[in-house]
Structures are given as structure tokens and as C-alpha cells.
>>> print(open('my_file.txt').read())   # compact mmCIF, C-alpha atoms
# COMPACT_ATOMS: atom_id res chain seq x y z
CA MET U 192 -13.05 -23.74 26.04
CA ALA U 193 -16.60 -23.63 24.78
CA GLY U 194 -18.21 -20.32 25.58
CA HIS U 195 -15.33 -18.53 27.21
CA VAL U 196 -15.33 -15.63 24.81
CA ARG U 197 -12.95 -13.48 26.84
CA THR U 198 -10.44 -16.31 27.21
CA VAL U 199 -10.57 -17.06 23.50
CA ALA U 200 -10.24 -13.38 22.59
CA ARG U 201 -7.25 -13.01 24.88
CA LEU U 202 -5.62 -16.15 23.55
CA ILE U 203 -5.89 -14.92 19.97
CA ARG U 204 -4.29 -11.64 21.00
CA ASP U 205 -1.40 -13.47 22.66
CA ILE U 206 -0.97 -15.62 19.55
CA ASP U 207 -0.91 -12.50 17.40
CA ASP U 208 1.62 -10.86 19.71
CA GLY U 209 3.78 -13.98 19.46
CA LEU U 210 4.00 -14.60 23.21
CA PRO U 211 6.04 -17.76 23.84
CA GLU U 212 3.72 -18.89 26.70
CA VAL U 213 0.98 -19.37 24.18
CA ARG U 214 2.68 -22.45 22.75
CA GLU U 215 1.89 -24.47 25.84
CA VAL U 216 -1.80 -23.61 25.54
CA LEU U 217 -1.83 -24.48 21.84
CA LYS U 218 -0.22 -27.83 22.59
CA GLU U 219 -3.09 -28.66 24.90
CA LEU U 220 -5.69 -27.41 22.43
CA TYR U 221 -4.44 -29.34 19.47
CA PRO U 222 -6.10 -32.67 20.31
CA HIS U 223 -9.45 -30.85 20.33
CA THR U 224 -9.04 -29.52 16.78
CA GLY U 225 -9.92 -31.01 13.42
CA ASN U 226 -13.68 -30.82 13.66
CA ALA U 227 -14.45 -27.44 12.11
CA TYR U 228 -14.93 -26.88 8.41
CA VAL U 229 -12.65 -24.05 7.31
CA ILE U 230 -13.69 -21.76 4.45
CA GLY U 231 -11.24 -19.26 2.96
CA ILE U 232 -12.64 -16.17 1.25
CA THR U 233 -10.18 -14.11 -0.72
CA GLY U 234 -10.24 -11.39 -3.38
CA ALA U 235 -9.19 -7.83 -4.12
CA PRO U 236 -10.33 -4.96 -1.88
CA GLY U 237 -13.87 -3.80 -2.60
CA VAL U 238 -15.19 -6.92 -4.33
CA GLY U 239 -17.60 -7.51 -1.44
CA LYS U 240 -15.97 -10.19 0.68
CA SER U 241 -17.23 -8.90 4.03
CA THR U 242 -20.76 -8.41 2.70
CA LEU U 243 -20.65 -11.96 1.40
CA VAL U 244 -19.41 -13.33 4.72
CA ASN U 245 -22.19 -11.45 6.47
CA GLN U 246 -24.82 -13.20 4.31
CA MET U 247 -23.11 -16.57 4.72
CA LEU U 248 -23.31 -16.08 8.47
CA LYS U 249 -27.03 -15.45 8.20
CA HIS U 250 -27.67 -18.69 6.32
CA LEU U 251 -25.32 -20.83 8.36
CA ARG U 252 -26.99 -19.58 11.53
CA LYS U 253 -30.42 -20.43 10.12
CA GLY U 254 -29.13 -23.98 9.89
CA ASN U 255 -28.04 -23.69 13.54
CA LYS U 256 -24.35 -23.93 12.72
CA THR U 257 -21.91 -22.01 14.89
CA VAL U 258 -19.36 -19.90 13.06
CA GLY U 259 -16.02 -18.24 13.78
CA VAL U 260 -14.79 -15.50 11.47
CA LEU U 261 -11.18 -14.34 11.13
CA ALA U 262 -11.03 -11.15 9.07
CA VAL U 263 -7.52 -10.22 8.02
CA ASP U 264 -6.79 -6.64 6.95
CA PRO U 265 -3.48 -5.15 5.83
CA THR U 266 -1.13 -3.30 8.15
CA SER U 267 0.14 0.04 6.89
CA PRO U 268 3.79 -0.47 5.92
CA PHE U 269 4.52 3.12 6.98
CA SER U 270 3.08 3.40 10.45
CA GLY U 271 2.59 -0.23 11.44
CA GLY U 272 -1.00 0.62 12.26
CA ALA U 273 -4.12 -0.76 10.63
CA ILE U 274 -7.79 0.00 10.24
CA LEU U 275 -9.76 -3.19 10.64
CA GLY U 276 -13.11 -2.48 9.06
CA ASP U 277 -14.47 -5.88 8.04
CA ARG U 278 -16.71 -5.94 11.08
CA ILE U 279 -18.73 -3.01 9.76
CA ARG U 280 -20.57 -5.35 7.40
CA MET U 281 -20.99 -8.09 9.98
CA GLN U 282 -21.93 -6.19 13.10
CA GLN U 283 -25.53 -7.43 12.93
CA HIS U 284 -24.18 -10.79 14.13
CA SER U 285 -22.15 -9.44 17.02
CA MET U 286 -24.84 -10.14 19.60
CA ASP U 287 -25.28 -13.71 18.40
CA GLU U 288 -23.54 -16.11 20.75
CA GLY U 289 -23.14 -18.61 17.93
CA VAL U 290 -20.87 -16.22 16.05
CA PHE U 291 -17.37 -15.09 17.01
CA ILE U 292 -15.77 -12.45 14.80
CA ARG U 293 -12.15 -11.44 15.14
CA SER U 294 -10.14 -8.96 13.08
CA LEU U 295 -6.43 -9.53 12.52
CA ALA U 296 -3.84 -7.21 10.99
CA THR U 297 -1.20 -8.64 8.65
CA ARG U 298 1.56 -6.87 10.62
CA GLY U 299 4.23 -7.84 8.13
CA HIS U 300 6.28 -10.28 10.16
CA PHE U 301 7.95 -13.03 8.13
CA GLY U 302 5.44 -15.77 7.60
CA GLY U 303 3.99 -14.76 10.94
CA LEU U 304 0.56 -14.05 9.54
CA THR U 305 0.23 -17.57 8.27
CA GLN U 306 1.34 -18.99 11.56
CA SER U 307 -0.81 -16.83 13.77
CA THR U 308 -3.89 -17.22 11.60
CA ARG U 309 -3.50 -21.00 11.63
CA SER U 310 -3.17 -20.96 15.39
CA ALA U 311 -6.27 -18.75 15.61
CA ILE U 312 -8.12 -21.28 13.44
CA ASP U 313 -7.07 -23.99 15.89
CA VAL U 314 -8.42 -21.94 18.78
CA LEU U 315 -11.83 -21.40 17.16
CA ASP U 316 -11.87 -25.05 16.13
CA ALA U 317 -11.22 -26.15 19.71
CA MET U 318 -13.89 -23.68 20.82
CA GLY U 319 -16.30 -25.97 18.96
CA LYS U 320 -17.25 -23.82 15.99
CA ASP U 321 -18.84 -25.81 13.15
CA TYR U 322 -17.51 -23.45 10.50
CA ILE U 323 -14.56 -21.09 10.45
CA ILE U 324 -14.44 -18.44 7.75
CA VAL U 325 -11.10 -16.78 7.05
CA GLU U 326 -11.35 -13.61 4.99
CA THR U 327 -8.21 -12.10 3.45
CA VAL U 328 -7.24 -9.68 0.72
CA GLY U 329 -5.75 -12.11 -1.74
CA VAL U 330 -2.42 -10.51 -2.34
CA GLY U 331 0.96 -11.63 -1.17
CA GLN U 332 2.35 -15.05 -0.46
CA ASP U 333 1.37 -15.03 3.20
CA GLU U 334 -2.27 -14.60 2.38
CA VAL U 335 -2.20 -17.29 -0.23
CA ASP U 336 -0.67 -19.59 2.37
CA VAL U 337 -3.42 -18.70 4.81
CA VAL U 338 -6.18 -19.77 2.46
CA LYS U 339 -4.30 -23.01 1.79
CA SER U 340 -5.28 -24.01 5.31
CA ALA U 341 -8.95 -23.90 4.31
CA HIS U 342 -10.95 -26.92 3.25
CA THR U 343 -12.65 -24.81 0.60
CA THR U 344 -11.23 -21.59 -0.79
CA VAL U 345 -13.56 -19.16 -2.52
CA ILE U 346 -12.04 -16.54 -4.79
CA VAL U 347 -14.26 -13.49 -5.13
CA VAL U 348 -13.95 -11.24 -8.16
CA MET U 349 -16.17 -8.64 -9.72
CA PRO U 350 -16.93 -7.74 -13.32
CA GLY U 351 -14.71 -5.29 -15.09
CA MET U 352 -11.58 -5.98 -13.11
CA GLY U 353 -9.72 -6.61 -16.36
CA ASP U 354 -6.10 -7.22 -15.62
CA ASP U 355 -6.80 -8.10 -12.05
CA ILE U 356 -7.92 -11.47 -13.29
CA GLN U 357 -4.46 -11.83 -14.73
CA ALA U 358 -2.99 -11.12 -11.33
CA ILE U 359 -5.18 -13.80 -9.79
CA LYS U 360 -4.04 -16.16 -12.46
CA ALA U 361 -0.44 -15.68 -11.48
CA GLY U 362 -0.97 -16.05 -7.78
CA ILE U 363 -4.01 -17.74 -6.43
CA LEU U 364 -5.78 -19.49 -9.26
CA GLU U 365 -4.34 -22.78 -8.07
CA VAL U 366 -5.82 -22.39 -4.60
CA GLY U 367 -9.34 -21.49 -5.76
CA ASP U 368 -11.90 -24.26 -5.27
CA ILE U 369 -14.83 -22.02 -6.16
CA PHE U 370 -14.87 -18.77 -8.13
CA LEU U 371 -17.59 -16.29 -7.30
CA ILE U 372 -18.35 -13.25 -9.42
CA ASN U 373 -19.96 -10.78 -7.08
CA LYS U 374 -21.88 -7.67 -8.18
CA ALA U 375 -23.00 -9.81 -11.11
CA ASP U 376 -25.59 -7.26 -12.21
CA ARG U 377 -22.76 -5.16 -13.56
CA GLU U 378 -21.64 -4.90 -17.11
CA GLY U 379 -18.89 -7.30 -18.06
CA THR U 380 -20.09 -10.26 -16.01
CA ASP U 381 -20.24 -12.59 -19.00
CA ARG U 382 -16.79 -11.53 -20.07
CA THR U 383 -15.46 -12.31 -16.61
CA VAL U 384 -17.12 -15.73 -16.70
CA THR U 385 -15.43 -16.43 -20.03
CA ASP U 386 -12.04 -15.28 -18.76
CA LEU U 387 -12.28 -17.45 -15.67
CA ARG U 388 -13.54 -20.47 -17.60
CA LEU U 389 -10.64 -20.16 -19.99
CA MET U 390 -8.13 -20.16 -17.15
CA ILE U 391 -9.77 -23.05 -15.37
CA GLU U 392 -9.92 -25.14 -18.51
CA MET U 393 -6.20 -24.77 -18.99
CA ASP U 394 -6.01 -27.40 -16.25
CA GLN U 395 -8.30 -29.74 -18.18
CA LYS U 396 -6.01 -32.75 -17.69
CA LYS U 397 -6.34 -32.51 -13.95
CA TYR U 398 -10.14 -32.70 -14.11
CA GLU U 399 -10.12 -35.59 -16.53
CA LYS U 400 -8.29 -37.56 -13.88
CA GLY U 401 -11.13 -36.90 -11.46
CA GLY U 402 -9.75 -33.73 -9.93
CA TRP U 403 -12.10 -31.04 -8.60
CA LYS U 404 -13.13 -28.59 -11.30
CA PRO U 405 -13.80 -25.19 -9.73
CA PRO U 406 -17.31 -23.97 -10.50
CA ILE U 407 -17.90 -20.33 -11.46
CA LEU U 408 -20.82 -18.76 -9.63
CA LYS U 409 -22.55 -15.42 -9.91
CA ALA U 410 -23.82 -13.49 -6.92
CA GLN U 411 -25.06 -10.18 -5.63
CA ALA U 412 -24.11 -10.56 -2.02
CA ILE U 413 -25.68 -7.30 -0.90
CA PHE U 414 -29.11 -8.52 -2.08
CA ASP U 415 -28.44 -12.03 -0.79
CA LYS U 416 -28.54 -13.44 -4.31
CA GLY U 417 -26.36 -16.46 -5.05
CA VAL U 418 -25.26 -16.93 -1.43
CA VAL U 419 -27.29 -20.09 -0.79
CA GLU U 420 -25.92 -21.51 -4.05
CA LEU U 421 -22.41 -20.72 -2.86
CA LEU U 422 -22.99 -22.57 0.41
CA GLU U 423 -24.33 -25.53 -1.56
CA GLU U 424 -21.20 -25.60 -3.69
CA ILE U 425 -19.05 -25.39 -0.56
CA ASP U 426 -20.97 -28.40 0.75
CA ARG U 427 -20.48 -30.24 -2.51
CA HIS U 428 -16.74 -29.52 -2.33
CA GLY U 429 -16.73 -30.77 1.24
CA ARG U 430 -18.31 -34.04 0.11
CA TYR U 431 -15.73 -34.29 -2.67
CA LEU U 432 -12.97 -33.96 -0.07
CA MET U 433 -14.62 -36.66 2.01
CA GLU U 434 -14.65 -39.06 -0.90
CA THR U 435 -11.18 -38.36 -2.16
CA SER U 436 -9.15 -37.80 0.96
CA SER U 437 -9.56 -37.85 4.67
CA GLY U 438 -12.11 -35.11 4.16
CA TYR U 439 -12.94 -33.04 7.17
CA ARG U 440 -9.73 -34.21 8.79
CA PHE U 441 -8.08 -32.54 5.83
CA ARG U 442 -5.82 -30.35 7.94
CA LYS U 443 -4.41 -33.46 9.55
CA ARG U 444 -3.64 -35.14 6.24
CA LYS U 445 -0.01 -36.05 5.73
CA ASP U 446 0.85 -33.51 3.02
CA LYS U 447 -0.93 -30.72 4.92
CA VAL U 448 0.81 -31.58 8.15
CA ARG U 449 4.13 -31.72 6.32
CA GLU U 450 3.55 -28.32 4.72
CA GLU U 451 2.33 -26.66 7.90
CA LEU U 452 5.07 -28.15 10.05
CA ALA U 453 7.75 -27.05 7.58
CA GLU U 454 6.45 -23.50 7.80
CA MET U 455 6.18 -23.66 11.54
CA VAL U 456 9.84 -24.73 11.76
CA LYS U 457 10.87 -21.92 9.44
CA THR U 458 8.96 -19.29 11.40
CA ARG U 459 10.32 -20.60 14.67
CA ILE U 460 13.94 -20.50 13.48
CA ILE U 461 13.54 -16.90 12.35
CA GLU U 462 11.93 -16.02 15.67
CA GLU U 463 14.58 -17.72 17.80
CA VAL U 464 17.49 -16.27 15.84
CA SER U 465 15.95 -12.76 15.86
CA ASN U 466 15.29 -12.97 19.59
CA ARG U 467 18.90 -13.87 20.26
CA LEU U 468 20.12 -11.09 17.98
CA THR U 469 17.95 -8.34 19.42
CA GLY U 470 19.83 -6.07 21.74
CA THR U 471 23.29 -7.49 21.04
CA GLY U 472 24.06 -4.79 18.50
CA GLU U 473 25.72 -7.43 16.33
CA PHE U 474 23.27 -6.93 13.49
CA ASP U 475 23.98 -3.20 13.32
CA ARG U 476 27.72 -3.83 13.51
CA ALA U 477 27.45 -6.30 10.63
CA VAL U 478 25.58 -3.69 8.59
CA GLU U 479 28.36 -1.18 9.32
CA SER U 480 31.06 -3.65 8.30
CA ILE U 481 29.34 -4.35 5.01
CA VAL U 482 28.89 -0.63 4.30
CA GLU U 483 32.55 0.01 5.18
CA GLY U 484 33.59 -2.76 2.82
CA GLU U 485 35.22 -4.79 5.61
CA LEU U 486 32.89 -7.75 5.21
CA ASP U 487 30.71 -9.29 2.53
CA PRO U 488 27.01 -9.91 3.37
CA TYR U 489 27.37 -13.68 2.91
CA THR U 490 30.02 -13.99 5.60
CA ALA U 491 28.12 -11.54 7.80
CA CYS U 492 25.01 -13.70 7.53
CA ASP U 493 26.99 -16.85 8.38
CA ASN U 494 28.44 -15.11 11.44
CA LEU U 495 25.04 -14.00 12.66
CA VAL U 496 23.09 -17.16 12.07
CA LEU U 497 25.31 -20.23 12.34
CA PRO U 498 26.47 -19.89 15.98
CA ARG U 499 22.86 -19.36 17.03
CA LEU U 500 21.82 -22.60 15.43
CA GLY U 501 24.70 -24.44 17.06
CA ILE U 502 26.59 -24.76 13.79
CA SER U 503 30.17 -23.53 13.80
CA MET R 85 -11.81 0.32 18.75
CA VAL R 86 -13.64 3.30 17.32
CA ALA R 87 -17.41 3.03 17.54
CA LYS R 88 -20.46 5.15 16.79
CA PRO R 89 -23.29 4.42 19.18
CA GLY R 90 -26.82 5.59 18.57
CA LEU R 91 -28.62 7.01 15.64
CA ASP R 92 -26.57 9.86 14.30
CA GLY R 93 -25.10 9.35 10.88
CA HIS R 94 -22.12 11.64 11.09
CA ASP R 95 -19.08 9.39 11.03
CA ARG R 96 -16.56 11.72 9.43
CA GLY R 97 -15.06 12.50 12.81
CA ALA R 98 -14.87 8.86 13.82
CA ARG R 99 -13.18 7.95 10.55
CA ILE R 100 -10.64 10.72 10.89
CA ILE R 101 -9.86 9.57 14.41
CA ALA R 102 -9.50 5.96 13.24
CA ARG R 103 -7.13 7.10 10.54
CA ALA R 104 -5.08 9.20 12.98
CA TYR R 105 -4.65 6.21 15.28
CA ARG R 106 -3.65 4.01 12.37
CA ASP R 107 -1.05 6.58 11.32
CA ALA R 108 0.25 6.57 14.87
CA GLY R 109 0.79 2.81 14.63
CA PHE R 110 -2.34 1.51 16.34
CA GLU R 111 -4.54 -1.31 15.10
CA VAL R 112 -8.02 0.15 14.99
CA VAL R 113 -11.21 -1.87 14.74
CA TYR R 114 -13.92 0.32 13.26
CA THR R 115 -17.48 -0.86 13.86
CA GLY R 116 -19.37 1.50 11.60
CA LEU R 117 -22.53 3.47 12.32
CA HIS R 118 -25.67 2.91 14.39
CA GLN R 119 -24.31 0.58 17.03
CA THR R 120 -26.06 -0.28 20.27
CA PRO R 121 -23.95 -0.24 23.45
CA GLU R 122 -24.51 -4.03 23.60
CA GLU R 123 -23.06 -4.54 20.13
CA ILE R 124 -20.11 -2.31 20.90
CA VAL R 125 -19.24 -4.14 24.10
CA GLU R 126 -19.61 -7.58 22.52
CA ALA R 127 -17.37 -6.54 19.62
CA ALA R 128 -14.80 -5.05 22.01
CA ILE R 129 -14.65 -8.29 23.96
CA GLN R 130 -14.32 -10.51 20.89
CA GLU R 131 -11.61 -8.23 19.53
CA ASP R 132 -9.94 -7.97 22.95
CA VAL R 133 -9.27 -4.25 22.52
CA ASP R 134 -7.45 -2.04 25.03
CA MET R 135 -9.68 0.96 24.55
CA ILE R 136 -13.02 2.00 23.08
CA GLY R 137 -13.37 5.46 21.59
CA LEU R 138 -17.04 6.48 21.29
CA SER R 139 -18.17 9.22 18.98
CA SER R 140 -21.53 10.91 19.32
CA LEU R 141 -22.92 14.09 17.87
CA ALA R 142 -26.62 13.46 18.38
CA GLY R 143 -27.17 14.29 22.02
CA ALA R 144 -27.75 10.79 23.41
CA HIS R 145 -24.28 10.54 24.96
CA LYS R 146 -25.67 10.83 28.50
CA TYR R 147 -27.31 7.44 28.10
CA LEU R 148 -25.09 5.70 25.54
CA PHE R 149 -21.62 6.34 26.96
CA PRO R 150 -22.31 5.32 30.57
CA ARG R 151 -24.24 2.27 29.29
CA VAL R 152 -21.10 1.03 27.53
CA VAL R 153 -19.11 1.33 30.77
CA GLU R 154 -21.90 -0.42 32.67
CA LEU R 155 -22.04 -3.34 30.24
CA LEU R 156 -18.27 -3.74 30.27
CA THR R 157 -18.41 -3.99 34.05
CA GLU R 158 -21.23 -6.55 33.87
CA LYS R 159 -19.14 -8.66 31.54
CA GLY R 160 -16.07 -8.40 33.73
CA ALA R 161 -14.29 -6.31 31.11
CA GLU R 162 -13.98 -3.09 33.10
CA ASP R 163 -10.27 -3.07 32.26
CA ILE R 164 -11.16 -1.85 28.77
CA ILE R 165 -10.83 1.96 28.88
CA VAL R 166 -13.64 4.08 27.43
CA CYS R 167 -13.18 7.57 25.97
CA GLY R 168 -15.61 9.79 24.15
CA GLY R 169 -15.59 12.49 21.53
CA GLY R 170 -18.21 14.83 20.13
CA ILE R 171 -20.16 17.94 21.00
CA PHE R 172 -21.31 18.03 24.63
CA PRO R 173 -22.60 20.71 26.99
CA ASP R 174 -19.94 21.49 29.63
CA GLU R 175 -22.10 20.22 32.49
CA ASP R 176 -22.35 16.79 30.86
CA ILE R 177 -18.60 16.26 30.65
CA GLU R 178 -18.15 16.02 34.41
CA LYS R 179 -21.08 13.61 34.67
CA LEU R 180 -19.68 11.40 31.92
CA LYS R 181 -16.35 11.26 33.68
CA GLN R 182 -18.07 10.34 36.93
CA ALA R 183 -19.81 7.55 35.04
CA GLY R 184 -16.44 6.06 34.18
CA ILE R 185 -15.58 7.65 30.84
CA LYS R 186 -11.85 8.27 31.21
CA GLU R 187 -11.55 11.27 28.93
CA ILE R 188 -13.75 13.43 26.75
CA PHE R 189 -12.58 15.21 23.63
CA THR R 190 -14.56 18.10 22.19
CA PRO R 191 -14.22 20.31 19.10
CA GLY R 192 -10.84 21.97 19.18
CA SER R 193 -8.94 18.92 20.43
CA SER R 194 -6.14 18.25 17.97
CA LEU R 195 -5.53 14.78 16.58
CA GLU R 196 -2.07 14.91 18.09
CA GLU R 197 -3.50 15.63 21.51
CA ILE R 198 -5.95 12.72 21.23
CA VAL R 199 -3.34 10.26 20.04
CA ASN R 200 -0.87 11.35 22.70
CA TRP R 201 -3.46 10.96 25.44
CA VAL R 202 -3.91 7.34 24.40
CA LYS R 203 -0.18 6.73 24.20
CA LYS R 204 0.21 8.07 27.70
CA ASN R 205 -2.87 6.64 29.41
CA VAL R 206 -3.67 3.36 27.72
CA LYS R 207 -1.25 0.55 28.42
CA PRO R 208 -1.66 -2.78 26.66
CA ARG R 209 -3.20 -5.15 29.17
>>> encode(input="my_file.txt", output="C-alpha cells")
Amino acid sequence: MAGHVRTVARLIRDIDDGLPEVREVLKELYPHTGNAYVIGITGAPGVGKSTLVNQMLKHLRKGNKTVGVLAVDPTSPFSGGAILGDRIRMQQHSMDEGVFIRSLATRGHFGGLTQSTRSAIDVLDAMGKDYIIVETVGVGQDEVDVVKSAHTTVIVVMPGMGDDIQAIKAGILEVGDIFLINKADREGTDRTVTDLRLMIEMDQKKYEKGGWKPPILKAQAIFDKGVVELLEEIDRHGRYLMETSSGYRFRKRKDKVREELAEMVKTRIIEEVSNRLTGTGEFDRAVESIVEGELDPYTACDNLVLPRLGIS
Amino acid sequence: MVAKPGLDGHDRGARIIARAYRDAGFEVVYTGLHQTPEEIVEAAIQEDVDMIGLSSLAGAHKYLFPRVVELLTEKGAEDIIVCGGGIFPDEDIEKLKQAGIKEIFTPGSSLEEIVNWVKKNVKPR
């Protein structure tokens, strides 16, 4: 697989389109995965994630590491279309053979984003990339699940986001291994540090038992300030994983495998049932029956799903 | 993919086009300004796009557009369709088409027309 950019690009498209043939290819690829270090970068729109990734690429390349980037952008819920603009900040690396950048749209299929992004990670891993960076807007369960596949997850915030920190707290605080305050020349940086520290220290008990305590870093990605320090912290977290678990083989650890397999099963069931429903008109008839008051939705759901799973 | 090759800094048109495609349900990779044909082709291959829309208002289209087609062919990616938009003298349009640019849109083309052309002429590979 090494080097076949067109093949890899095509494969990721087929994964994203959910083509069933792709499964056979992924089965063959799987034994070649587990060697890349996966970094998740997440945070609200406009905090500077793409700019940060661009600088990280520069430094990782200086160290002769090869890198794959998966940049996930939201699909418009109205048209189904998407503008994938993360590349704009990274285009300076597009001619570098050691860098492969791919944009993905969230598309809004049930859990599908998680599944297809994980498969895309596997592809880049098998391609031999040393690092894989997954960049997502950190909202929604799917995106949180995506970053859970990373060895190290970096949560990017910027000063003055106020209540947005609260939103992070509710959703993705638990998955953050490193917090980075970007645009740290702005007013309110110290306040943001305090807010984050407060939240992190609420988990004090965990750290006392030797758990990883997420560091809070400051950066100005556009001026390349704080980026080297971030990479050092990512390294340090990597070493922590090595000491405390199976480390770089993290994605093949039992609890990870369990979690990912459970999701894969769930996604597959939805896919198989939907495929068998499409075109039969049964779904629309069930909707009619419920509207007409002939049937309750619980029975309708049983009727649609159970026979297709071989349960009568 | 919507791309701006060359040195002109006028990307309003390209952004509007990107937005129109998005609203029509397409996934659009936007590369930003000041791209070389090499960068555009490499990005298009990594993103595995079906079509590249080039925008140019600075007069260098006669070199830049055909160069993109040429590079795609060199890389064995001639199945990626190339279109262009911008302000061009009439006599250039025919030459661009001969060089492998599938369609050229000039001022006065409506967004609807441009989107419909793609719907009709670009089939997912």
C-alpha cells in the first residue's frame, strides 16, 4: 500500500460511500495496522485547529515523520452538501510526499462517521504513516467517539469563549488528554486557564491514583508559538500510555477493541436492516398506519426490524 | 474541488461557487488562494474528487488551466474533469476547451446553470 496515493484516496472514498466491497479490503489491511500514533484535535469552529495542524505537520516533517491528516467538516443538514475548507491552511504541505491530507464530511449517517473515520485511520496506518492527525469540530456524539480512537486527544479552545467551556465540560472534557489555549495573546487567557484548571481538578482522585492529568498549554499557532511544546506533551502522553497500557498498540487493547467492535456491530445492523427496508415501501406504510391510528410505533418497529434479524 | 490557481487574490467568485455547490448537495473541497497547478492536482488526487473547478481573473488562465489538465494526465488521473470560470477573451475559450477544459463559465452564467451543468455532465466515477 505504501505510496499508492490514488489507491488510498479511492479506498477512503469507497469507505465513506459505504460500499460493501470495501470490507474485504479492510479485512486484508487490518493485520498491517497498529503502528501509527493517532492524534485527535478537536474544538469549536474558528479556534485555529487547521492552523495548528499545519504547524504540527511542519515540525513532524522536520523530524522526518510521515503524517496522514483526516479533516472532518460538517455536512449541511439542509442540502446534504458540505464545504471542506480545512485544507486551505495546510495546502503548503500538499506537494510533500510524506503528507497525505484528506477531507471528510460528517454526512449525518447514524454512527457512520465514527465507523468510516476509523476505517480511514486504518487505511493511513496500513499505508505506513508514522502519525495520523484527526481534526474534528468537537460537537456531537459521533465526533467525540471519533477522537476516542486517538492515542492522544487535544482539545483546542480560545480565550473569551465563556460558556463554550461549559459546553466542553458537558461533552468532551473526559476525552481531553491535553488542553491547548490557542490565540493566547488575547484578553481572557488567564481566566480560561483558571476555568480549565478548575474543571480538571474536579477529577483530582483519578490523578492521585496515578491517572494522567491533562496539562493546559498556551499557544499562538499562527506564529508557531507553543506548537513544539504541544508535540512534546503529546510525546510525553505517548510514553505514559506505553508505561501504563499496551501503549502504541492502544487501539488493539481489549477495552478499545470491545468498544469499537460494539459500535461496528451496531452500525452494521442499522445498515443491513435499512438496506433490506429500502424500496419495499414497508417503512412508508408503517408511517401511514401510525398516522391513521391503526398501529402504534412500538409494534410497527417490531414488525420492521425483527423479521430482518431472523427473530419472529 | 474549487481551486484558485495563480496570483490573483479575488476569491469571492470561487467562494460563491463553492457555496452554490454545497447548497446543491455536493461536497466541496476548497483549496484557498494562490495555488500552483501542481498543488491543485496533488490535492485533487488525495481528495479523490470527481471534478476540479478553476477560477481565474488575472489573465494567466492560458497557462494555468491547461497545465492542470496536463498534470492530471501525467498522474494517470485524466478521469477527473476540469472546468473553468472567470473573465476570458472569446478567442481563449476555444483554445482552453481544446486543451481539455470541459466547460468554461464567464460573467453572466447563473449559479443554477453552473450547478446543472455539473449535475448533467459529471458522473461519480
>>> interface_residues(input="my_file.txt", of="chain R", to="chain U", cutoff="10 Å", atoms="all atoms listed in the file", output="JSON, numbers by chain")
{"R": [85, 86, 87, 99, 102, 103, 104, 105, 106, 107, 108, 109, 110, 111, 112, 113, 114, 115, 116, 117, 118, 119, 120, 122, 123, 124, 125, 126, 127, 128, 129, 130, 131, 132, 133, 159, 160, 161, 209]}
>>> write_last_selection(input="my_file.txt", atoms="C-alpha atoms", output="compact mmCIF listing (two decimals), in the coordinates of the input")
# COMPACT_ATOMS: atom_id res chain seq x y z
CA MET R 85 -11.81 0.32 18.75
CA VAL R 86 -13.64 3.30 17.32
CA ALA R 87 -17.41 3.03 17.54
CA ARG R 99 -13.18 7.95 10.55
CA ALA R 102 -9.50 5.96 13.24
CA ARG R 103 -7.13 7.10 10.54
CA ALA R 104 -5.08 9.20 12.98
CA TYR R 105 -4.65 6.21 15.28
CA ARG R 106 -3.65 4.01 12.37
CA ASP R 107 -1.05 6.58 11.32
CA ALA R 108 0.25 6.57 14.87
CA GLY R 109 0.79 2.81 14.63
CA PHE R 110 -2.34 1.51 16.34
CA GLU R 111 -4.54 -1.31 15.10
CA VAL R 112 -8.02 0.15 14.99
CA VAL R 113 -11.21 -1.87 14.74
CA TYR R 114 -13.92 0.32 13.26
CA THR R 115 -17.48 -0.86 13.86
CA GLY R 116 -19.37 1.50 11.60
CA LEU R 117 -22.53 3.47 12.32
CA HIS R 118 -25.67 2.91 14.39
CA GLN R 119 -24.31 0.58 17.03
CA THR R 120 -26.06 -0.28 20.27
CA GLU R 122 -24.51 -4.03 23.60
CA GLU R 123 -23.06 -4.54 20.13
CA ILE R 124 -20.11 -2.31 20.90
CA VAL R 125 -19.24 -4.14 24.10
CA GLU R 126 -19.61 -7.58 22.52
CA ALA R 127 -17.37 -6.54 19.62
CA ALA R 128 -14.80 -5.05 22.01
CA ILE R 129 -14.65 -8.29 23.96
CA GLN R 130 -14.32 -10.51 20.89
CA GLU R 131 -11.61 -8.23 19.53
CA ASP R 132 -9.94 -7.97 22.95
CA VAL R 133 -9.27 -4.25 22.52
CA LYS R 159 -19.14 -8.66 31.54
CA GLY R 160 -16.07 -8.40 33.73
CA ALA R 161 -14.29 -6.31 31.11
CA ARG R 209 -3.20 -5.15 29.17
>>> residues_near_point(input="my_file.txt", point="(-20.9, 8.9, 24.3)", cutoff="9 Å", atoms="only C-alpha atoms", output="list in words")
Lys88, Pro89, Gly90, Gly137, Leu138, Ser139, Ser140, Leu141, Gly143, Ala144, His145, Lys146, Tyr147, Leu148, Phe149, Pro150, Arg151, Val152, Cys167, Gly168, Gly169, Gly170, Leu180, Ile185 and Ile188 of chain R
>>> residues_around(input="my_file.txt", residues="stretch 365-377 of chain U", least_positions_apart="2", cutoff="8 Å", atoms="only C-alpha atoms", output="PyMOL selection string")
chain U and resi 238-239+335+338-339+343-350+360+362-363+379-380+383-384+403-412+421+424-425+428
>>> closest_residue(input="my_file.txt", among="U:Val328, U:Val216, U:Val337, U:Ile413", to="U:Asn245", atoms="only C-alpha atoms")
U:Ile413
>>> residues_around(input="my_file.txt", residues="U:Val229", least_positions_apart="3", cutoff="6 Å", atoms="only C-alpha atoms", output="list in words")
Tyr322, Ile323, Ile324, Ala341 and His342 of chain U
>>> axis_aligned_box(input="my_file.txt", around="stretch 369-385 of chain U", padding_each_side="8 Å", output="lines of an AutoDock Vina configuration file")
center_x = -20.2
center_y = -13.5
center_z = -13.1
size_x = 26.8
size_y = 33.1
size_z = 29.9
>>> atom_distance(input="my_file.txt", atom1="atom CA of U:Ala477", atom2="atom CA of U:Ile460")
19.8 Å
>>> residues_around(input="my_file.txt", residues="R:Asn205", least_positions_apart="5", cutoff="10 Å", atoms="all atoms listed in the file", output="VMD selection string")
chain R and resid 165 186 to 187 200
>>> atom_distance(input="my_file.txt", atom1="atom CA of R:Met135", atom2="atom CA of R:Glu154")
14.7 Å
>>> closest_residue(input="my_file.txt", among="U:Ala317, U:Leu210, U:Val419, U:Ala311", to="U:Ala227", atoms="only C-alpha atoms")
U:Ala317
>>> atom_distance(input="my_file.txt", atom1="atom CA of U:Asp415", atom2="atom CA of R:Ala98")
28.9 Å
